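Asks: Structure incoming, see below.
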Amino acid sequence: MSRIKQIQNTTGLTLAAAMVGAIVGTLGAGAVAAQEDYSNYLFVPNRASAEVTVVDRTTNQIVARIDVGNVPHQVLVSQVAGKLVVSNTADNTISIVDLKSFRTEATVSLGAEPEHMALGPDGLTVAVGNIAAGTVSLVSLKDNREVARVVGLIQPHNLTFSLDGKRLYVANLGAEHVSVVDVASAKVIDEILVAEPTALASRGGLAGREYQGIINVTPTPDGRLGFAVHGEGNVLAVIDLESGEKLKSIALGELPWRAYGTAKGRYMLIPNNGDRTVSVVDTGRLEVVATLPGAADMTGVNGDLDETAAFVISRGESRIVILDLETMTPAGSIALPGTPETAVASPDGKSLYVALSSTNQVAVIDLPSRRLSAVIDHVGNEPWGATLVGGDNYCH
Amino acid sequence: MWAMSLGAPPWSAATTTVTSLVVALAVGAAPPAAALQSVERIWQAVMAHGSDGDAVPLQTLRTACGEDPLCAARRLVAADRRLSLQRVDAPTSDTIRWVETRPSLGPVRRLADGRPVIAIAGFGRTVTAELQLALKALGRPLPEVILDRRGNGGGDFGRMLKVAKLFVNDMKMTLYLYDKSMKNQIKIQSEETAASVDRLIVLVGPETASSAEVLAALLRRYGGAELLGARTAGKDYLSRVVAVDQGWRLLVPAERIQVPGETLAGGLIPDRPLPAALALELGP
């Protein structure tokens with residue numbers, strides 16, 4: 001099923017596509033060496049070329065291309081299972097790839113348009129949101145099958161497991177509430193209201209309405225609190241993830257996207273795409289402590305390990321906006337050679353990998369010096385994100 | 001559907017609770033909540049925002065529908081014909097991520113005498129940014145701007161208010177939202193960057209409805225705009241949009257809108273008709 005393209009003995013940072021093809025042609029699937037250390041690999045789903053590219057971070061070289069389904073949206077890695085999971089949105093499937101061989105060992109049919117995924121704390125349960133079906137699939141990596149399908153969601157977007165794995169918090173993009181799923185019974189057991197129903201004064205009803213509800217429930221590192229932003233409501237709800245109670249509502253800027261936590265959980269940063277600002281929420285005081293300038297079409301935020309700086313991805317302006325979290329002031333920006341999607345910082349805090357969809361590259365940012373240090377070319381067509389084992393991975 | 005019948009009263013004389021507008025969302029600690037299911041959530045929203053008491057009791061809904069939210073919504077609509085159900089499609093991946101956004105403005109054009117005309121077709125998520133860009137491109141000073149709102153059927157209320165703020169300098173606009181029991185006053189602080197326009201003309205007509213009418217009224221009342229054209233549609237109330245399930249939304253008529261000094265019910269009456277020469281040059 002899977003066509004594996006293993007690339008070896010390449011030197012230099014840039015690989016010509018023709019060279020890649022030639023090397024691939026000489027290697028059969030059986031030539032793949034076992035891969036034991038997954039933490040060294042960067043996984044990049046390429047939306048327009050139906051493949052996941054594997055990059056060796058020590059050399060910034062592409063070491064494999066794994067064919068998957070059409071429009072791969074997100075990848076996640078289970079170290080426990082030794083598997084890579086890829087959501088193939090256009091095919092209504094996920095691919096489950098053995099990390100040792102980079103072979104696809106199963107393609108599992110799910111609901112309509114699976115996009116976002118979350119890995120349970122057991123490392124063996126994957127929740128997949130079927131955004132066009134209003135369902136969430138629970139998939140076991142033990143035997144590579146869908147074990148249950150949860151109904152009653154409304155355009156399920158990102159998913160968040162509780163620390164004990166018993167509950168799943170589903171961000172409903174098409175609604176004003178977060179759904180709480182009991183994983184054991186695969187049923188919605190609670191709905192937590194984040195915002196009021198939106199106000200509409202229209203002769204034509206809902207025709208042509210672009211609606212942005214809840215993108216994500218972002219937990220604090222201790223798993224105690226969840227932060228759910230409602231786009232149309234311009235509001236952030238702080239949720240006690242143990243009790244399911246909404247503790248507080250916090251007003252934000254216009255059309256906020258979602259909350260991104262800093263490394264130790266001191267702050268939540270929320271890009272407001274409507275007014276191009278970034279709200280900084282102190283998770284102890286539960287209030288906005290700064291509203292800083294952002295940029296157009298912000299799709300992600302990454303931070304450094306000591307919580308002194310944030311790096312805001314601006315797709316609309318092809319740059320990274322740097323925010324100083326000590327002084328709560330802007331601290332410059334980093335120009336990018338293409339259109340950024342999302343990024344992931346290395347667990348050591350030294351590098352930031354940014355998928356550039358318009359140029360088929362991954363930009364490597366040296367975080368200490370805050371400079372573009374390298375560009376990895378030809379990663380695939382329309383790279384949509386970047387994932388690292390141990391990284392603070394997210395998807396837009 | 002009654003919601004499409006312009007001017008129909010959104011509620012009877014009965015009263016229940018006060019609601020808050022999304023732009024004036026209450027901020028603060030919330031009381032503990034018991035587990036909530038879809039049917040109850042929908043029922044609560046209808047009770048809070050629109051029903052005058054003749055909706056189906058919650059227990060009846062549960063008995064009839066179990067936990068089927070669409071069944072519950074249909075029963076609520078059957079019991080109160082002012083509610084309406086509408087179908088929605090899931091957004092595309094690119095729409096979600098702002099790769100594709102429906103534009104709210106048409107191209108800015110200039111009349112033969114040089115006056116700029118900005119057509120605001122809707123209140124999409126980028127409407128204020130589009131307007132700011134358009135006004136910036138026109139430069140300053142701006143002796144006269146014509147806003148063409150003749151075909152605008154309204155839309156998101158909060159975004160409409162932000163558009164209003166772009167044109168009104170140095171004063172607070174006020175409008176009132178009447179729910180079933182009391183008046184909710186909203187003060188709208190103008191943007192610091194409000195466009196400085198010496199003369200603002202707003203074109204209206206029978207297709208100008210809801211948020212578009214309110215905007216015209218706000219600009220006349222607080223921005224000194226002159227309204228040209230024909231009487232507007234006269235849809236003077238908000239609906240709350242309640243998510244039912246993946247494919248359906250329940251529209252619940254909620255607050256009635258009032259702009260001081262203006263009469264929205266029955267349609268705004270413009271200051272004068274659209275001059276024939278201008279109508280000819282603008283086209284339909």
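Each chain of the structure tokens is named A, B, ... in the order shown, its residues numbered from 1; ligands are numbered from 1 in display order.
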Identify all residues of segment 46-277 of chain B in helix (DSSP H, G or I) (DSSP on the backbone) and supply them as a VMD selection string.
Replies: chain B and resid 46 to 49 58 to 65 69 to 79 93 to 96 127 to 138 157 to 165 211 to 223 276 to 277
Asks: Write out, as a Markdown table, each residue of chain A that has an atom at most 6 Å from chain B, together with the closest pair of atoms and their distance in Å to one decimal, counting only C-alpha atoms, rows going by chain and rising number.
Replies:
| residue | atom | partner | partner_atom | distance |
| --- | --- | --- | --- | --- |
| A:Ala132 | CA | B:Ala90 | CA | 5.7 |
| A:Gly134 | CA | B:Gln246 | CA | 5.3 |
| A:Ile154 | CA | B:Gln246 | CA | 4.4 |
| A:Ala175 | CA | B:Ala243 | CA | 5.4 |
| A:Asp190 | CA | B:Ala35 | CA | 4.8 |
| A:Glu191 | CA | B:Leu36 | CA | 5.1 |
| A:Pro197 | CA | B:Val241 | CA | 5.4 |
| A:Thr198 | CA | B:Arg240 | CA | 5.6 |
| A:Ala199 | CA | B:Arg240 | CA | 4.9 |
| A:Leu200 | CA | B:Asp156 | CA | 4.9 |
| A:Ala201 | CA | B:Leu238 | CA | 4.8 |
| A:Ser202 | CA | B:Gly154 | CA | 4.2 |
| A:Arg203 | CA | B:Gly153 | CA | 5.1 |
| A:Gly233 | CA | B:Val22 | CA | 5.9 |
| A:Glu245 | CA | B:Pro32 | CA | 5.5 |
| A:Leu247 | CA | B:Ala30 | CA | 5.6 |
| A:Lys248 | CA | B:Ala29 | CA | 4.5 |
| A:Ser249 | CA | B:Val27 | CA | 5.2 |
| A:Ile250 | CA | B:Val27 | CA | 5.9 |
Asks: Going by DSSP on the backbone, which bits of segment 31-254 of chain B are strand (DSSP E)? Write them as a PyMOL selection string, please.
Replies: chain B and resi 84-87+109-110+116-119+142-148+154-156+172-178+183-189+197-204+226-229+237-243+248-254
Asks: Save the residues we just selected, C-alpha atoms, as a short mmCIF file (atom, residue, chain, number, x, y, z; two decimals), in the first residue's frame?
Replies:
data_model
loop_
_atom_site.label_atom_id
_atom_site.label_comp_id
_atom_site.auth_asym_id
_atom_site.auth_seq_id
_atom_site.Cartn_x
_atom_site.Cartn_y
_atom_site.Cartn_z
CA SER B 84 -36.96 29.02 12.32
CA LEU B 85 -34.54 26.26 11.44
CA GLN B 86 -31.91 26.79 8.79
CA ARG B 87 -29.43 24.41 7.25
CA ARG B 109 -15.42 53.46 -7.82
CA ARG B 110 -15.43 57.13 -8.66
CA PRO B 116 -15.85 57.95 -4.34
CA VAL B 117 -18.51 55.28 -3.91
CA ILE B 118 -17.93 52.35 -1.57
CA ALA B 119 -20.39 49.48 -1.87
CA LEU B 142 -12.11 63.22 2.24
CA PRO B 143 -14.67 65.86 1.37
CA GLU B 144 -17.39 63.37 0.51
CA VAL B 145 -17.89 59.61 0.54
CA ILE B 146 -20.91 57.74 -0.73
CA LEU B 147 -21.65 54.43 0.98
CA ASP B 148 -23.84 52.28 -1.21
CA GLY B 154 -27.62 42.91 6.95
CA GLY B 155 -25.65 40.32 8.85
CA ASP B 156 -23.46 40.08 11.89
CA LYS B 172 -20.44 58.10 21.73
CA MET B 173 -23.15 56.47 19.77
CA THR B 174 -25.99 54.93 21.68
CA LEU B 175 -28.51 52.36 20.69
CA TYR B 176 -30.99 50.37 22.65
CA LEU B 177 -31.79 46.71 22.57
CA TYR B 178 -35.14 45.82 24.00
CA LYS B 183 -34.03 48.09 27.72
CA ASN B 184 -30.36 47.35 27.32
CA GLN B 185 -28.43 50.48 26.43
CA ILE B 186 -25.25 50.15 24.42
CA LYS B 187 -22.66 52.87 24.20
CA ILE B 188 -20.39 52.57 21.22
CA GLN B 189 -17.05 54.31 21.55
CA VAL B 197 -15.26 62.67 6.15
CA ASP B 198 -16.77 66.10 5.65
CA ARG B 199 -19.92 64.80 4.01
CA LEU B 200 -21.20 61.26 4.21
CA ILE B 201 -23.95 60.05 1.92
CA VAL B 202 -25.57 56.66 2.48
CA LEU B 203 -27.60 55.07 -0.27
CA VAL B 204 -30.48 52.90 0.92
CA GLU B 226 -27.55 62.07 4.50
CA LEU B 227 -29.67 59.12 3.43
CA LEU B 228 -30.64 58.96 -0.22
CA GLY B 229 -32.90 56.43 -1.88
CA TYR B 237 -34.72 42.99 15.58
CA LEU B 238 -31.88 40.64 16.31
CA SER B 239 -31.96 36.89 16.06
CA ARG B 240 -29.83 34.65 18.18
CA VAL B 241 -28.27 31.74 16.34
CA VAL B 242 -28.39 28.53 18.34
CA ALA B 243 -26.38 25.53 17.15
CA TRP B 248 -28.87 22.83 11.57
CA ARG B 249 -29.13 26.17 13.36
CA LEU B 250 -32.12 27.54 15.18
CA LEU B 251 -32.82 31.24 14.70
CA VAL B 252 -34.43 32.71 17.77
CA PRO B 253 -35.83 36.22 17.43
CA ALA B 254 -34.49 38.18 20.36
#
Asks: Could you list, as a list in words, every residue within 7 Å of Phe227 of chain A, counting only C-alpha atoms and ignoring same-chain residues fewer than 3 positions away?
Replies: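 Returned residues: Val217, Thr218, Pro219, Leu236, Ala237, Val238, Ile239 and Ala259 of chain A.
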Asks: Just want the 9 Å neighbourhood of Tyr260 of chain A, counted on only C-alpha atoms, with same-chain residues fewer than 2 positions away dropped. Output as a list of chain:residue names.
Replies: A:Thr218, A:Phe227, A:Arg258, A:Thr262, A:Tyr267, A:Met268, A:Leu269, A:Ile270, A:Pro271, A:Gly300, A:Val301, A:Asn302, A:Gly303
Asks: Write the residues of the preceding selection, restricted to N, CA and C atoms, as an mmCIF file, in the first residue's frame.
Replies:
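Written output follows (result.cif):
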data_model
loop_
_atom_site.group_PDB
_atom_site.id
_atom_site.type_symbol
_atom_site.label_atom_id
_atom_site.label_comp_id
_atom_site.auth_asym_id
_atom_site.auth_seq_id
_atom_site.Cartn_x
_atom_site.Cartn_y
_atom_site.Cartn_z
ATOM 1 N N THR A 218 -7.204 24.654 25.264
ATOM 2 C CA THR A 218 -5.773 24.569 25.567
ATOM 3 C C THR A 218 -5.593 24.367 27.061
ATOM 4 N N PHE A 227 -8.453 26.490 28.430
ATOM 5 C CA PHE A 227 -8.762 27.825 27.918
ATOM 6 C C PHE A 227 -9.379 27.677 26.531
ATOM 7 N N ARG A 258 -7.205 31.093 18.865
ATOM 8 C CA ARG A 258 -7.193 30.100 19.937
ATOM 9 C C ARG A 258 -6.090 30.459 20.921
ATOM 10 N N THR A 262 2.337 29.048 27.165
ATOM 11 C CA THR A 262 3.791 29.106 27.226
ATOM 12 C C THR A 262 4.303 27.841 27.921
ATOM 13 N N TYR A 267 1.490 31.864 30.910
ATOM 14 C CA TYR A 267 0.636 32.701 30.067
ATOM 15 C C TYR A 267 -0.095 31.862 29.025
ATOM 16 N N MET A 268 -1.226 32.405 28.607
ATOM 17 C CA MET A 268 -1.889 31.968 27.388
ATOM 18 C C MET A 268 -1.853 33.152 26.428
ATOM 19 N N LEU A 269 -1.429 32.879 25.196
ATOM 20 C CA LEU A 269 -1.395 33.931 24.187
ATOM 21 C C LEU A 269 -2.462 33.652 23.140
ATOM 22 N N ILE A 270 -3.233 34.660 22.835
ATOM 23 C CA ILE A 270 -4.340 34.489 21.905
ATOM 24 C C ILE A 270 -4.224 35.493 20.772
ATOM 25 N N PRO A 271 -3.956 35.044 19.549
ATOM 26 C CA PRO A 271 -3.960 35.980 18.414
ATOM 27 C C PRO A 271 -5.390 36.382 18.072
ATOM 28 N N GLY A 300 -0.436 30.651 14.517
ATOM 29 C CA GLY A 300 0.197 29.878 15.574
ATOM 30 C C GLY A 300 1.087 30.746 16.437
ATOM 31 N N VAL A 301 1.365 30.245 17.623
ATOM 32 C CA VAL A 301 2.287 30.924 18.543
ATOM 33 C C VAL A 301 3.176 29.864 19.170
ATOM 34 N N ASN A 302 4.477 30.133 19.169
ATOM 35 C CA ASN A 302 5.429 29.268 19.861
ATOM 36 C C ASN A 302 6.203 30.102 20.862
ATOM 37 N N GLY A 303 6.663 29.457 21.920
ATOM 38 C CA GLY A 303 7.393 30.200 22.930
ATOM 39 C C GLY A 303 8.744 29.587 23.207
#
Asks: Mind pulling up the distance from atom CA of Leu241 of chain A to atom CA of Val288 of chain A?
Replies: 20.5 Å
Asks: Need the shell around segment 166-170 of chain A: protein/DNA/RNA residues with any atom at most 7 Å away, counting only C-alpha atoms. Skip same-chain ones fewer than 2 positions apart. Format as a compact mmCIF listing (two decimals) with N, CA and C atoms, in the first residue's frame?
Replies:
# COMPACT_ATOMS: atom_id res chain seq x y z
N PRO A 156 -16.46 19.37 14.80
CA PRO A 156 -15.40 19.17 15.80
C PRO A 156 -14.03 19.57 15.26
N HIS A 157 -13.37 20.43 15.98
CA HIS A 157 -12.05 20.91 15.56
C HIS A 157 -11.01 20.23 16.44
N ASN A 158 -10.23 20.98 17.20
CA ASN A 158 -9.18 20.31 17.97
C ASN A 158 -9.76 19.56 19.17
N LEU A 159 -9.00 18.59 19.62
CA LEU A 159 -9.44 17.69 20.68
C LEU A 159 -8.38 17.67 21.79
N THR A 160 -8.85 17.56 23.02
CA THR A 160 -7.92 17.58 24.15
C THR A 160 -8.32 16.50 25.15
N PHE A 161 -7.40 15.61 25.44
CA PHE A 161 -7.66 14.59 26.46
C PHE A 161 -7.40 15.18 27.85
N SER A 162 -8.16 14.70 28.83
CA SER A 162 -7.81 14.99 30.21
C SER A 162 -6.55 14.19 30.56
N ASP A 164 -5.93 12.05 32.75
CA ASP A 164 -6.14 10.63 33.01
C ASP A 164 -6.72 9.90 31.80
N ASN A 172 -15.95 22.72 19.44
CA ASN A 172 -16.91 22.75 18.33
C ASN A 172 -16.76 24.05 17.56
N VAL A 178 -18.16 23.73 24.33
CA VAL A 178 -17.20 22.62 24.30
C VAL A 178 -17.96 21.37 24.71
N SER A 179 -17.77 20.30 23.97
CA SER A 179 -18.40 19.03 24.34
C SER A 179 -17.42 18.20 25.15
N VAL A 180 -17.94 17.58 26.19
CA VAL A 180 -17.12 16.70 27.02
C VAL A 180 -17.54 15.26 26.73
N VAL A 181 -16.58 14.47 26.32
CA VAL A 181 -16.86 13.09 25.94
C VAL A 181 -16.31 12.15 27.01
N ASP A 182 -17.14 11.24 27.45
CA ASP A 182 -16.66 10.15 28.29
C ASP A 182 -16.06 9.09 27.37
N VAL A 183 -14.76 8.91 27.48
CA VAL A 183 -14.06 8.07 26.51
C VAL A 183 -14.52 6.61 26.62
N ALA A 184 -14.75 6.15 27.82
CA ALA A 184 -15.12 4.74 28.00
C ALA A 184 -16.44 4.41 27.30
N VAL A 217 -9.34 23.66 22.98
CA VAL A 217 -9.30 23.81 24.43
C VAL A 217 -7.85 23.59 24.84
Asks: What does the distance between atom CA of Asp94 of chain B and atom CA of Arg149 of chain A come to in Å, to one decimal place?
Replies: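 If I compute the distance from atom CA of Asp94 of chain B to atom CA of Arg149 of chain A, I get 25.5 Å.
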Asks: Which residue out of B:Ala225, B:Ala78, B:Leu131, B:Ala73 has the minimum interatomic distance to Pro103 of chain B when only C-alpha atoms are used?
Replies: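 The closest residue to Pro103 of chain B is B:Leu131.
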Asks: Just give me the gap between atom CA of Leu280 of chain B and atom CA of Ile120 of chain B in Å, one decimal is fine.
Replies: 19.0 Å
Asks: If we count only C-alpha atoms and set the cut-off at 10 Å, which residues sit around segment 354-358 of chain A, ignoring sequence neighbours fewer than 6 positions away in its own chain? Please answer as a PyMOL selection string.
Replies: chain A and resi 44-48+313+315+318+320+336-345+364-365+375-377+379-387
Asks: Take the residues just selected and output them with N, CA and C atoms as an mmCIF file, in the first residue's frame.
Replies:
data_model
loop_
_atom_site.group_PDB
_atom_site.id
_atom_site.type_symbol
_atom_site.label_atom_id
_atom_site.label_comp_id
_atom_site.auth_asym_id
_atom_site.auth_seq_id
_atom_site.Cartn_x
_atom_site.Cartn_y
_atom_site.Cartn_z
ATOM 1 N N VAL A 44 6.535 16.183 8.403
ATOM 2 C CA VAL A 44 5.867 17.290 7.709
ATOM 3 C C VAL A 44 4.788 16.732 6.772
ATOM 4 N N PRO A 45 3.514 16.955 7.062
ATOM 5 C CA PRO A 45 2.467 16.540 6.116
ATOM 6 C C PRO A 45 2.368 17.554 4.974
ATOM 7 N N ASN A 46 2.287 17.034 3.775
ATOM 8 C CA ASN A 46 2.215 17.897 2.599
ATOM 9 C C ASN A 46 0.837 17.762 1.964
ATOM 10 N N ARG A 47 0.087 18.803 2.050
ATOM 11 C CA ARG A 47 -1.320 18.737 1.722
ATOM 12 C C ARG A 47 -1.561 18.433 0.240
ATOM 13 N N ALA A 48 -0.729 18.959 -0.633
ATOM 14 C CA ALA A 48 -0.989 18.807 -2.066
ATOM 15 C C ALA A 48 -0.230 17.662 -2.709
ATOM 16 N N ILE A 313 3.242 33.334 14.445
ATOM 17 C CA ILE A 313 3.298 33.055 13.010
ATOM 18 C C ILE A 313 2.245 33.897 12.296
ATOM 19 N N ARG A 315 0.694 34.282 8.735
ATOM 20 C CA ARG A 315 0.611 33.825 7.345
ATOM 21 C C ARG A 315 0.371 35.008 6.416
ATOM 22 N N SER A 318 3.789 36.757 6.055
ATOM 23 C CA SER A 318 4.974 35.901 5.863
ATOM 24 C C SER A 318 6.119 36.294 6.787
ATOM 25 N N ILE A 320 7.448 36.169 11.249
ATOM 26 C CA ILE A 320 7.214 35.792 12.638
ATOM 27 C C ILE A 320 7.352 37.050 13.484
ATOM 28 N N LEU A 336 10.151 35.633 6.511
ATOM 29 C CA LEU A 336 10.202 34.258 6.022
ATOM 30 C C LEU A 336 10.152 34.248 4.495
ATOM 31 N N PRO A 337 10.764 33.255 3.879
ATOM 32 C CA PRO A 337 10.787 33.242 2.414
ATOM 33 C C PRO A 337 9.504 32.730 1.771
ATOM 34 N N GLY A 338 8.558 32.271 2.553
ATOM 35 C CA GLY A 338 7.305 31.765 1.997
ATOM 36 C C GLY A 338 6.177 31.975 2.981
ATOM 37 N N THR A 339 5.025 31.416 2.651
ATOM 38 C CA THR A 339 3.840 31.583 3.489
ATOM 39 C C THR A 339 3.845 30.564 4.615
ATOM 40 N N PRO A 340 3.932 31.019 5.847
ATOM 41 C CA PRO A 340 3.994 30.059 6.955
ATOM 42 C C PRO A 340 2.617 29.510 7.306
ATOM 43 N N GLU A 341 2.610 28.299 7.773
ATOM 44 C CA GLU A 341 1.369 27.685 8.266
ATOM 45 C C GLU A 341 1.466 27.548 9.787
ATOM 46 N N THR A 342 2.066 26.452 10.241
ATOM 47 C CA THR A 342 2.284 26.306 11.679
ATOM 48 C C THR A 342 3.740 25.923 11.925
ATOM 49 N N ALA A 343 4.124 25.894 13.183
ATOM 50 C CA ALA A 343 5.520 25.655 13.528
ATOM 51 C C ALA A 343 5.607 24.819 14.793
ATOM 52 N N VAL A 344 6.769 24.250 15.009
ATOM 53 C CA VAL A 344 7.019 23.537 16.258
ATOM 54 C C VAL A 344 8.432 23.860 16.726
ATOM 55 N N ALA A 345 8.561 24.083 18.028
ATOM 56 C CA ALA A 345 9.876 24.341 18.604
ATOM 57 C C ALA A 345 10.475 23.030 19.086
ATOM 58 N N VAL A 364 13.987 27.026 9.252
ATOM 59 C CA VAL A 364 14.541 26.702 10.564
ATOM 60 C C VAL A 364 14.999 28.006 11.217
ATOM 61 N N ILE A 365 14.405 28.292 12.345
ATOM 62 C CA ILE A 365 14.751 29.518 13.066
ATOM 63 C C ILE A 365 15.625 29.151 14.253
ATOM 64 N N VAL A 375 17.012 26.751 5.513
ATOM 65 C CA VAL A 375 15.758 26.450 4.830
ATOM 66 C C VAL A 375 15.875 25.057 4.238
ATOM 67 N N ILE A 376 14.923 24.225 4.518
ATOM 68 C CA ILE A 376 14.908 22.872 3.968
ATOM 69 C C ILE A 376 13.984 22.889 2.753
ATOM 70 N N ASP A 377 14.554 22.642 1.588
ATOM 71 C CA ASP A 377 13.796 22.752 0.348
ATOM 72 C C ASP A 377 13.083 21.450 -0.006
ATOM 73 N N VAL A 379 10.314 19.906 0.486
ATOM 74 C CA VAL A 379 9.788 18.950 1.473
ATOM 75 C C VAL A 379 8.514 18.278 0.958
ATOM 76 N N GLY A 380 7.914 18.835 -0.060
ATOM 77 C CA GLY A 380 6.665 18.299 -0.604
ATOM 78 C C GLY A 380 5.809 19.465 -1.032
ATOM 79 N N ASN A 381 4.652 19.172 -1.591
ATOM 80 C CA ASN A 381 3.793 20.244 -2.057
ATOM 81 C C ASN A 381 2.839 20.701 -0.954
ATOM 82 N N GLU A 382 2.934 21.944 -0.641
ATOM 83 C CA GLU A 382 2.098 22.590 0.360
ATOM 84 C C GLU A 382 2.254 21.966 1.745
ATOM 85 N N PRO A 383 3.426 22.061 2.295
ATOM 86 C CA PRO A 383 3.604 21.579 3.680
ATOM 87 C C PRO A 383 2.682 22.347 4.626
ATOM 88 N N TRP A 384 2.025 21.606 5.485
ATOM 89 C CA TRP A 384 0.913 22.194 6.238
ATOM 90 C C TRP A 384 1.201 22.316 7.725
ATOM 91 N N GLY A 385 2.283 21.706 8.155
ATOM 92 C CA GLY A 385 2.623 21.771 9.562
ATOM 93 C C GLY A 385 3.920 21.026 9.808
ATOM 94 N N ALA A 386 4.334 20.996 11.064
ATOM 95 C CA ALA A 386 5.559 20.295 11.437
ATOM 96 C C ALA A 386 5.343 19.691 12.821
ATOM 97 N N THR A 387 5.794 18.467 12.977
ATOM 98 C CA THR A 387 5.559 17.755 14.236
ATOM 99 C C THR A 387 6.856 17.133 14.735
#
